[in-house]
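What follows is the content of final-v4.cif, which has mmCIF, C-alpha atoms and all ligand atoms:
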```cif
data_start
#
loop_
_atom_site.label_atom_id
_atom_site.label_comp_id
_atom_site.auth_asym_id
_atom_site.auth_seq_id
_atom_site.Cartn_x
_atom_site.Cartn_y
_atom_site.Cartn_z
CA MET A 1 -21.23 11.20 -11.33
CA ILE A 2 -23.76 8.72 -9.92
CA ASP A 3 -26.01 9.67 -7.05
CA VAL A 4 -28.12 6.98 -5.42
CA GLN A 5 -30.84 8.26 -3.10
CA ASN A 6 -32.76 5.95 -0.82
CA VAL A 7 -33.08 3.18 -3.40
CA THR A 8 -35.08 0.08 -2.61
CA LYS A 9 -35.60 -2.98 -4.77
CA ILE A 10 -38.07 -5.73 -4.15
CA HIS A 11 -37.74 -8.77 -6.42
CA ARG A 12 -41.04 -10.55 -6.81
CA ARG A 13 -41.03 -14.28 -7.48
CA GLY A 14 -44.69 -15.24 -7.66
CA ALA A 15 -46.15 -14.45 -4.26
CA LEU A 16 -42.68 -14.24 -2.71
CA GLU A 17 -41.07 -10.83 -2.19
CA VAL A 18 -37.32 -10.51 -1.74
CA HIS A 19 -36.14 -7.19 -0.33
CA ALA A 20 -32.80 -7.02 -2.12
CA LEU A 21 -32.13 -3.33 -1.38
CA ARG A 22 -33.59 -1.63 1.68
CA GLY A 23 -32.82 2.05 1.20
CA VAL A 24 -29.37 2.56 -0.32
CA THR A 25 -27.84 6.03 -0.51
CA CYS A 26 -24.36 6.49 -1.95
CA ARG A 27 -22.29 8.47 -4.44
CA ILE A 28 -19.90 7.26 -7.08
CA GLU A 29 -17.42 9.93 -8.11
CA GLN A 30 -16.57 10.65 -11.73
CA GLY A 31 -13.41 8.83 -12.80
CA SER A 32 -13.28 6.75 -9.62
CA PHE A 33 -12.51 3.07 -9.32
CA THR A 34 -15.25 1.97 -6.96
CA PHE A 35 -15.82 -1.43 -5.39
CA ILE A 36 -19.17 -2.65 -4.14
CA LEU A 37 -18.21 -5.18 -1.48
CA GLY A 38 -20.43 -7.53 0.46
CA PRO A 39 -21.32 -11.14 1.12
CA SER A 40 -23.27 -13.25 -1.34
CA GLY A 41 -26.95 -12.29 -1.44
CA SER A 42 -26.38 -8.81 0.04
CA GLY A 43 -27.76 -7.00 -3.04
CA LYS A 44 -24.55 -6.10 -4.91
CA SER A 45 -25.63 -7.31 -8.35
CA THR A 46 -29.07 -5.79 -7.89
CA LEU A 47 -27.47 -2.40 -7.21
CA LEU A 48 -25.07 -2.71 -10.14
CA TYR A 49 -27.89 -3.56 -12.57
CA LEU A 50 -29.86 -0.56 -11.35
CA LEU A 51 -26.85 1.72 -11.96
CA GLY A 52 -26.68 0.51 -15.56
CA ALA A 53 -30.44 0.80 -16.10
CA LEU A 54 -30.70 -2.94 -16.72
CA ASP A 55 -33.42 -2.93 -14.08
CA GLU A 56 -35.55 -0.33 -12.30
CA PRO A 57 -35.71 0.41 -8.57
CA THR A 58 -38.91 -0.17 -6.62
CA ASP A 59 -38.38 3.23 -4.99
CA GLY A 60 -35.73 5.92 -4.79
CA VAL A 61 -33.80 7.93 -7.36
CA ILE A 62 -30.61 7.20 -9.31
CA THR A 63 -29.05 10.18 -11.06
CA VAL A 64 -26.24 9.71 -13.58
CA SER A 65 -24.41 12.84 -14.80
CA GLY A 66 -27.32 14.96 -13.61
CA LYS A 67 -30.01 12.86 -15.33
CA ALA A 68 -32.45 10.80 -13.26
CA LEU A 69 -32.68 7.34 -14.85
CA GLY A 70 -36.31 7.07 -13.73
CA GLY A 71 -37.20 10.28 -15.56
CA MET A 72 -35.89 9.04 -18.91
CA THR A 73 -38.06 7.64 -21.66
CA THR A 74 -37.51 3.99 -22.58
CA ARG A 75 -35.64 5.17 -25.66
CA GLU A 76 -33.34 7.44 -23.62
CA ARG A 77 -32.63 4.64 -21.17
CA ASP A 78 -31.85 2.24 -24.02
CA SER A 79 -29.41 4.68 -25.56
CA PHE A 80 -27.79 5.38 -22.17
CA ARG A 81 -27.28 1.64 -21.65
CA ARG A 82 -26.05 1.05 -25.19
CA GLU A 83 -23.76 4.06 -25.59
CA GLU A 84 -22.57 5.06 -22.14
CA VAL A 85 -22.31 1.82 -20.18
CA GLY A 86 -19.95 -1.11 -20.65
CA PHE A 87 -20.97 -4.27 -18.78
CA ILE A 88 -18.64 -7.08 -17.77
CA PHE A 89 -20.17 -10.21 -16.26
CA GLN A 90 -18.73 -13.01 -14.17
CA SER A 91 -19.63 -15.61 -16.78
CA PHE A 92 -18.28 -13.59 -19.77
CA ASN A 93 -21.53 -13.95 -21.83
CA LEU A 94 -19.75 -14.39 -25.15
CA LEU A 95 -21.50 -15.69 -28.27
CA SER A 96 -20.22 -19.22 -28.90
CA ASN A 97 -20.40 -19.08 -32.69
CA LEU A 98 -18.40 -15.85 -33.06
CA SER A 99 -14.64 -15.28 -33.14
CA ALA A 100 -12.89 -13.19 -30.48
CA VAL A 101 -12.90 -10.15 -32.78
CA ASP A 102 -16.57 -10.50 -33.66
CA ASN A 103 -17.46 -11.02 -30.00
CA ALA A 104 -15.66 -7.77 -29.16
CA LEU A 105 -17.58 -6.11 -32.00
CA ALA A 106 -20.89 -7.80 -31.15
CA PRO A 107 -22.68 -4.63 -29.92
CA PHE A 108 -21.87 -2.98 -33.25
CA LEU A 109 -22.58 -5.90 -35.61
CA PRO A 110 -26.30 -5.14 -36.13
CA ARG A 111 -25.46 -1.67 -37.44
CA GLY A 112 -22.44 -2.76 -39.46
CA VAL A 113 -18.76 -2.40 -38.59
CA ALA A 114 -16.51 0.06 -40.40
CA PRO A 115 -12.96 -1.17 -41.11
CA ALA A 116 -11.54 1.45 -38.71
CA LEU A 117 -13.63 0.06 -35.86
CA ARG A 118 -12.59 -3.51 -36.69
CA LYS A 119 -8.98 -2.34 -36.50
CA GLU A 120 -9.66 -0.74 -33.12
CA ALA A 121 -11.10 -4.03 -31.88
CA ILE A 122 -8.04 -5.92 -33.10
CA ASP A 123 -5.69 -3.37 -31.50
CA LEU A 124 -7.57 -3.55 -28.21
CA LEU A 125 -7.52 -7.36 -28.18
CA ALA A 126 -3.79 -7.25 -28.97
CA ARG A 127 -3.22 -4.92 -26.01
CA LEU A 128 -5.08 -7.44 -23.88
CA GLY A 129 -2.62 -10.11 -25.02
CA LEU A 130 -4.97 -11.78 -27.52
CA GLY A 131 -3.18 -10.78 -30.74
CA ASP A 132 -2.81 -14.45 -31.72
CA ARG A 133 -6.31 -15.44 -30.60
CA LEU A 134 -8.35 -13.15 -32.85
CA THR A 135 -10.15 -15.85 -34.82
CA HIS A 136 -10.59 -18.24 -31.89
CA ARG A 137 -14.09 -19.05 -30.68
CA PRO A 138 -14.92 -18.85 -26.96
CA ASN A 139 -14.60 -22.63 -26.47
CA GLN A 140 -11.03 -22.39 -27.81
CA LEU A 141 -10.11 -19.77 -25.19
CA SER A 142 -9.24 -20.04 -21.50
CA GLY A 143 -11.45 -18.36 -18.91
CA GLY A 144 -9.02 -15.46 -18.57
CA GLU A 145 -8.87 -15.04 -22.35
CA GLN A 146 -12.67 -15.08 -22.59
CA GLN A 147 -12.93 -12.41 -19.92
CA ARG A 148 -10.41 -10.28 -21.85
CA VAL A 149 -12.63 -10.54 -24.94
CA ALA A 150 -15.56 -9.47 -22.78
CA ILE A 151 -13.53 -6.51 -21.52
CA ALA A 152 -12.69 -5.51 -25.09
CA ARG A 153 -16.39 -5.73 -25.95
CA ALA A 154 -17.29 -3.50 -23.00
CA LEU A 155 -14.56 -0.92 -23.65
CA LEU A 156 -14.72 -0.64 -27.43
CA LYS A 157 -17.52 1.90 -27.24
CA LYS A 158 -15.42 3.99 -24.82
CA PRO A 159 -18.13 4.00 -22.18
CA LYS A 160 -18.30 6.71 -19.53
CA LEU A 161 -19.28 4.05 -17.05
CA VAL A 162 -17.91 0.51 -16.77
CA LEU A 163 -19.88 -1.89 -14.58
CA ALA A 164 -18.33 -5.26 -13.72
CA ASP A 165 -20.12 -7.96 -11.75
CA GLU A 166 -17.57 -10.28 -10.08
CA PRO A 167 -15.35 -10.13 -13.21
CA THR A 168 -12.72 -12.40 -11.67
CA GLY A 169 -15.16 -14.76 -9.97
CA GLU A 170 -14.50 -17.65 -12.33
CA LEU A 171 -10.74 -17.13 -12.62
CA ASP A 172 -7.81 -18.29 -10.51
CA SER A 173 -6.22 -15.56 -8.41
CA GLU A 174 -3.24 -14.98 -10.74
CA ASN A 175 -5.48 -14.56 -13.80
CA GLY A 176 -7.91 -12.47 -11.78
CA ALA A 177 -5.17 -10.08 -10.68
CA ALA A 178 -3.91 -9.72 -14.27
CA ILE A 179 -7.42 -8.98 -15.54
CA MET A 180 -7.98 -6.33 -12.86
CA LYS A 181 -4.67 -4.69 -13.77
CA ASP A 182 -5.63 -4.50 -17.46
CA LEU A 183 -9.07 -3.19 -16.57
CA ARG A 184 -7.53 -0.43 -14.46
CA THR A 185 -5.04 0.60 -17.14
CA LEU A 186 -7.54 0.74 -19.99
CA CYS A 187 -10.30 2.44 -18.00
CA HIS A 188 -7.81 5.01 -16.74
CA GLU A 189 -6.84 5.79 -20.36
CA HIS A 190 -10.50 6.15 -21.35
CA GLN A 191 -11.22 8.17 -18.17
CA SER A 192 -14.12 5.84 -17.49
CA THR A 193 -15.77 5.59 -14.10
CA VAL A 194 -15.55 1.96 -13.00
CA VAL A 195 -17.74 0.09 -10.54
CA VAL A 196 -16.69 -3.46 -9.67
CA VAL A 197 -18.82 -5.81 -7.60
CA THR A 198 -16.89 -8.39 -5.61
CA HIS A 199 -17.24 -10.44 -2.46
CA GLU A 200 -13.48 -10.42 -1.88
CA GLN A 201 -11.25 -7.56 -0.89
CA GLU A 202 -8.05 -8.71 -2.58
CA HIS A 203 -8.32 -6.38 -5.60
CA VAL A 204 -8.79 -3.18 -3.61
CA GLN A 205 -5.94 -0.66 -3.86
CA ALA A 206 -5.15 2.65 -2.19
CA GLY A 207 -7.28 5.42 -3.71
CA ASP A 208 -10.21 3.17 -4.58
CA GLN A 209 -13.68 4.01 -3.30
CA LEU A 210 -15.45 1.32 -1.29
CA ILE A 211 -19.15 0.79 -0.76
CA ARG A 212 -19.88 -2.01 1.67
CA ILE A 213 -23.30 -3.61 1.36
CA ARG A 214 -24.89 -5.89 3.92
CA ASP A 215 -28.47 -7.16 3.84
CA GLY A 216 -29.48 -4.60 1.24
CA ARG A 217 -28.08 -1.62 3.15
CA VAL A 218 -24.87 0.39 2.97
CA ALA A 219 -22.78 -0.79 5.92
CA ALA A 220 -19.84 1.61 5.37
N1 LIG B 301 -34.47 -11.62 -10.34
C1 LIG B 301 -34.63 -11.95 -9.05
N2 LIG B 301 -35.79 -12.48 -8.60
C2 LIG B 301 -35.95 -12.79 -7.30
N3 LIG B 301 -35.00 -12.62 -6.37
C3 LIG B 301 -33.83 -12.10 -6.75
C4 LIG B 301 -33.57 -11.74 -8.11
N4 LIG B 301 -32.31 -11.25 -8.20
C5 LIG B 301 -31.80 -11.31 -6.95
N5 LIG B 301 -32.69 -11.82 -6.08
C6 LIG B 301 -32.51 -11.98 -4.61
O1 LIG B 301 -32.16 -10.71 -4.09
C7 LIG B 301 -31.14 -10.85 -3.09
C8 LIG B 301 -29.91 -10.05 -3.52
O2 LIG B 301 -29.37 -10.66 -4.68
P1 LIG B 301 -28.11 -10.10 -5.46
O3 LIG B 301 -28.29 -8.66 -5.73
O4 LIG B 301 -27.88 -10.97 -6.63
O5 LIG B 301 -26.94 -10.29 -4.36
P2 LIG B 301 -25.36 -10.42 -4.54
O6 LIG B 301 -24.98 -9.96 -5.91
O7 LIG B 301 -24.80 -9.54 -3.45
O8 LIG B 301 -25.02 -11.85 -4.29
C9 LIG B 301 -30.91 -12.33 -2.96
O9 LIG B 301 -31.67 -12.80 -1.89
C10 LIG B 301 -31.38 -12.92 -4.27
O10 LIG B 301 -31.82 -14.23 -4.11
MG MG B 302 -24.14 -11.02 -7.45
#
```
Can the structure in the file be given as C-alpha cells, please?
Ligand SMILES: Nc1ncnc2c1ncn2[C@@H]1O[C@H](COP(=O)(O)OP(=O)(O)O)[C@@H](O)[C@H]1O
Ligand SMILES: [Mg+2]
Amino acid sequence: MIDVQNVTKIHRRGALEVHALRGVTCRIEQGSFTFILGPSGSGKSTLLYLLGALDEPTDGVITVSGKALGGMTTRERDSFRREEVGFIFQSFNLLSNLSAVDNALAPFLPRGVAPALRKEAIDLLARLGLGDRLTHRPNQLSGGEQQRVAIARALLKKPKLVLADEPTGELDSENGAAIMKDLRTLCHEHQSTVVVVTHEQEHVQAGDQLIRIRDGRVAA
C-alpha cells in the first residue's frame, strides 16, 4: 500500500542541518499493523509525518495506493491527508474548550455535522468505554480517556491509513495496553492499514510488520 523509495529528510534549523532520514526504503502492506521501532531521535516521527503528507521529503519517492505523494497538487495532498489518513499523537492534541463528542467530531465541525454522524461519534466513544464521558472536556478526562477521544477522532472518517506517533507514550503500561487493544480491534473492523511509531517493543504481536530505524536508516 505504501512504498518508500530512498527517502531522505534534512531538517534545517537556521544554518544547522539535521539529517533525520538518510535513504529509507521500505514497504507497508495494505491492511497490516506495522510498527516503526527505534531509539529516540532515530527519525521515526519524521518518517511517519512524511507517510501522512504532513511534511515533504528532501529526496526520494513515497507512493500510497499507487499515487506518488510528491506528484500530487497541494489540493490533492490536502484531501489525501483530510480524507484518507487518521493521525493519533502522543500528546492527544484535543481542543480544551470542546466536549469529548465535539473533539471526536472536530475534523467535521467546519463543514457541519449531520445527526447521523454525531450518533456515529457517540457510538464510537461508547465502544471505547466513554459512554458516560461524552460531555466532559479534556481537562476532566484521564490521559487514557483523552487518547480514546483522539482515537475516535482519527477513526470517525474511516481512514484507509491510521498513523500513530507513540500513542501510549504518556500512559501507564496497563492503560497503554488497553488502548493498543482497542486500536487493533477498531482498525481491523475498518480494514485500515495502521502504522505505529514506538521506542518500545512491548506492544508488538505475532503477525505485525516491523521496521527498525536507527540513525535515519532502516536497520532491519
Ligand atoms: N522540525 C525539525 N527541525 C529540526 N530538526 C528536527 C525537526 N524534527 C526532527 N528533527 C531532528 O531530526 C532527528 C529525528 O527526529 P525524529 O524524527 O523526531 O526522531 P524520533 O521520532 O525517532 O525520536 C532528531 O535529531 C531531531 O532533533
Ligand atoms: Mg518521535
Can you build me a table of chain A residues sitting at most 8 Å from ligand LIG 301 (chain B), with the closest atom pair per residue and its distance in Å to one decimal, using only C-alpha atoms and all ligand atoms, sorted by chain and residue number, as CSV?
```
residue,atom,partner,partner_atom,distance
A:Ile10,CA,B:LIG301,O1,7.7
A:His11,CA,B:LIG301,C2,4.5
A:Arg12,CA,B:LIG301,C2,5.6
A:Arg13,CA,B:LIG301,C2,5.3
A:Glu17,CA,B:LIG301,C2,7.5
A:Val18,CA,B:LIG301,N3,5.6
A:His19,CA,B:LIG301,O1,6.5
A:Ala20,CA,B:LIG301,O1,4.2
A:Leu21,CA,B:LIG301,C8,7.4
A:Gly38,CA,B:LIG301,O7,6.2
A:Pro39,CA,B:LIG301,O7,6.0
A:Ser40,CA,B:LIG301,O8,3.7
A:Gly41,CA,B:LIG301,O8,3.5
A:Ser42,CA,B:LIG301,O7,3.9
A:Gly43,CA,B:LIG301,O3,3.2
A:Lys44,CA,B:LIG301,O7,3.7
A:Ser45,CA,B:LIG301,O6,3.7
A:Thr46,CA,B:LIG301,O3,3.7
A:Leu47,CA,B:LIG301,O3,6.5
A:Asp165,CA,B:LIG301,O6,7.9
A:Val197,CA,B:LIG301,O6,7.6
A:His199,CA,B:LIG301,O7,7.7
A:Ile213,CA,B:LIG301,O7,7.8
A:Gly216,CA,B:LIG301,C8,7.2
```
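Between atom CA of Leu117 of chain A and atom CA of Phe92 of chain A lies a distance of 21.6 Å.
Using only C-alpha atoms and all ligand atoms, the nearest neighbour of ligand MG 302 (chain B) within the list A:Gly207, A:Pro167, A:Gly176, A:Gly66 is A:Pro167.
Atom CA of Val194 of chain A lies 19.8 Å from atom CA of Gln146 of chain A.
The list of residues with at least one atom within 10 Å of Gln201 of chain A, based on only C-alpha atoms and without residues fewer than 5 positions apart in the same chain, reads Phe35, Ile36, Leu37, Gly38 and Leu210 of chain A.
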Tell me which of A:Val61, A:Ala106, A:Leu94, A:Ala152 sits closest to Ile122 of chain A, counting all atoms listed in the file.
A:Ala152
Write out as a ChimeraX atom specification the residues lying within 8 Å of Phe33 of chain A, counting only C-alpha atoms and excluding same-chain residues fewer than 4 positions away.
/A:184,193-196,208-209
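Omitting Arg81 of chain A and its sequence neighbours fewer than 6 positions away, and counting all atoms listed in the file, the residues within 9 Å are Gly52, Ala53 and Leu54 of chain A.
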Could you dump the residues just selected with C-alpha atoms as a CSV table (one decimal), in the frame of the given file?
```csv
chain,number,residue,atom,x,y,z
A,52,GLY,CA,-26.7,0.5,-15.6
A,53,ALA,CA,-30.4,0.8,-16.1
A,54,LEU,CA,-30.7,-2.9,-16.7
```
Quick one: residues within 12 Å of Leu69 of chain A, all atoms listed in the file counted, chain neighbours fewer than 6 positions away excluded, as a PDB file with C-alpha atoms, in the coordinates of the input?
```pdb
ATOM      1  CA  ILE A   2     -23.760   8.720  -9.920  1.00  0.00           C
ATOM      2  CA  ASP A   3     -26.010   9.670  -7.050  1.00  0.00           C
ATOM      3  CA  VAL A   4     -28.120   6.980  -5.420  1.00  0.00           C
ATOM      4  CA  GLN A   5     -30.840   8.260  -3.100  1.00  0.00           C
ATOM      5  CA  LEU A  50     -29.860  -0.560 -11.350  1.00  0.00           C
ATOM      6  CA  LEU A  51     -26.850   1.720 -11.960  1.00  0.00           C
ATOM      7  CA  GLY A  52     -26.680   0.510 -15.560  1.00  0.00           C
ATOM      8  CA  ALA A  53     -30.440   0.800 -16.100  1.00  0.00           C
ATOM      9  CA  LEU A  54     -30.700  -2.940 -16.720  1.00  0.00           C
ATOM     10  CA  ASP A  55     -33.420  -2.930 -14.080  1.00  0.00           C
ATOM     11  CA  GLU A  56     -35.550  -0.330 -12.300  1.00  0.00           C
ATOM     12  CA  PRO A  57     -35.710   0.410  -8.570  1.00  0.00           C
ATOM     13  CA  GLY A  60     -35.730   5.920  -4.790  1.00  0.00           C
ATOM     14  CA  VAL A  61     -33.800   7.930  -7.360  1.00  0.00           C
ATOM     15  CA  ILE A  62     -30.610   7.200  -9.310  1.00  0.00           C
ATOM     16  CA  THR A  63     -29.050  10.180 -11.060  1.00  0.00           C
ATOM     17  CA  ARG A  75     -35.640   5.170 -25.660  1.00  0.00           C
ATOM     18  CA  GLU A  76     -33.340   7.440 -23.620  1.00  0.00           C
ATOM     19  CA  ARG A  77     -32.630   4.640 -21.170  1.00  0.00           C
ATOM     20  CA  ASP A  78     -31.850   2.240 -24.020  1.00  0.00           C
ATOM     21  CA  SER A  79     -29.410   4.680 -25.560  1.00  0.00           C
ATOM     22  CA  PHE A  80     -27.790   5.380 -22.170  1.00  0.00           C
ATOM     23  CA  ARG A  81     -27.280   1.640 -21.650  1.00  0.00           C
TER      24      ARG A  81
END
```
From the list A:Glu166, A:Glu202, A:Glu189, A:Glu174, the nearest residue to ligand MG 302 (chain B) using only C-alpha atoms and all ligand atoms is A:Glu166
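Relative to atom CA of Lys160 of chain A, atom CA of Leu186 of chain A is found at 12.3 Å.
If you count all atoms listed in the file and ignore residues fewer than 6 places along the chain from Thr168 of chain A, what sits within 9 Å of it is Gln90, Gly144, Gln147, Asn175, Gly176, Ala177, Ile179, Met180 and Thr198 of chain A.
Of the residues under consideration (A:Ser91, A:Ser99, A:Thr135, A:Gln191), A:Ser91 shows the shortest atom-to-atom contact distance to ligand MG 302 (chain B) when counting all atoms listed in the file.
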Complete the atoms of segment 192-204 of chain A to N, CA and C atoms and put them out as a PDB file, in the coordinates of the input.
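This went into rebuild_12.pdb:
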```pdb
ATOM      1  N   SER A 192     -12.820   6.393 -17.852  1.00  0.00           N
ATOM      2  CA  SER A 192     -14.120   5.840 -17.490  1.00  0.00           C
ATOM      3  C   SER A 192     -14.243   5.758 -15.976  1.00  0.00           C
ATOM      4  N   THR A 193     -15.452   5.899 -15.492  1.00  0.00           N
ATOM      5  CA  THR A 193     -15.770   5.590 -14.100  1.00  0.00           C
ATOM      6  C   THR A 193     -16.027   4.090 -14.048  1.00  0.00           C
ATOM      7  N   VAL A 194     -15.441   3.425 -13.061  1.00  0.00           N
ATOM      8  CA  VAL A 194     -15.550   1.960 -13.000  1.00  0.00           C
ATOM      9  C   VAL A 194     -16.178   1.540 -11.673  1.00  0.00           C
ATOM     10  N   VAL A 195     -17.152   0.664 -11.751  1.00  0.00           N
ATOM     11  CA  VAL A 195     -17.740   0.090 -10.540  1.00  0.00           C
ATOM     12  C   VAL A 195     -17.615  -1.430 -10.640  1.00  0.00           C
ATOM     13  N   VAL A 196     -16.924  -2.015  -9.680  1.00  0.00           N
ATOM     14  CA  VAL A 196     -16.690  -3.460  -9.670  1.00  0.00           C
ATOM     15  C   VAL A 196     -17.363  -4.068  -8.447  1.00  0.00           C
ATOM     16  N   VAL A 197     -18.204  -5.045  -8.688  1.00  0.00           N
ATOM     17  CA  VAL A 197     -18.820  -5.810  -7.600  1.00  0.00           C
ATOM     18  C   VAL A 197     -17.925  -7.000  -7.271  1.00  0.00           C
ATOM     19  N   THR A 198     -17.661  -7.207  -6.000  1.00  0.00           N
ATOM     20  CA  THR A 198     -16.890  -8.390  -5.610  1.00  0.00           C
ATOM     21  C   THR A 198     -17.236  -8.784  -4.178  1.00  0.00           C
ATOM     22  N   HIS A 199     -17.043 -10.053  -3.849  1.00  0.00           N
ATOM     23  CA  HIS A 199     -17.240 -10.440  -2.460  1.00  0.00           C
ATOM     24  C   HIS A 199     -15.899 -10.617  -1.759  1.00  0.00           C
ATOM     25  N   GLU A 200     -14.813 -10.332  -2.483  1.00  0.00           N
ATOM     26  CA  GLU A 200     -13.480 -10.420  -1.880  1.00  0.00           C
ATOM     27  C   GLU A 200     -12.852  -9.032  -1.861  1.00  0.00           C
ATOM     28  N   GLN A 201     -11.866  -8.870  -1.015  1.00  0.00           N
ATOM     29  CA  GLN A 201     -11.250  -7.560  -0.890  1.00  0.00           C
ATOM     30  C   GLN A 201      -9.892  -7.503  -1.582  1.00  0.00           C
ATOM     31  N   GLU A 202      -9.446  -8.620  -2.145  1.00  0.00           N
ATOM     32  CA  GLU A 202      -8.050  -8.710  -2.580  1.00  0.00           C
ATOM     33  C   GLU A 202      -7.678  -7.738  -3.708  1.00  0.00           C
ATOM     34  N   HIS A 203      -8.661  -7.252  -4.479  1.00  0.00           N
ATOM     35  CA  HIS A 203      -8.320  -6.380  -5.600  1.00  0.00           C
ATOM     36  C   HIS A 203      -8.323  -4.896  -5.249  1.00  0.00           C
ATOM     37  N   VAL A 204      -8.702  -4.586  -4.015  1.00  0.00           N
ATOM     38  CA  VAL A 204      -8.790  -3.180  -3.610  1.00  0.00           C
ATOM     39  C   VAL A 204      -7.398  -2.576  -3.452  1.00  0.00           C
TER      40      VAL A 204
END
```
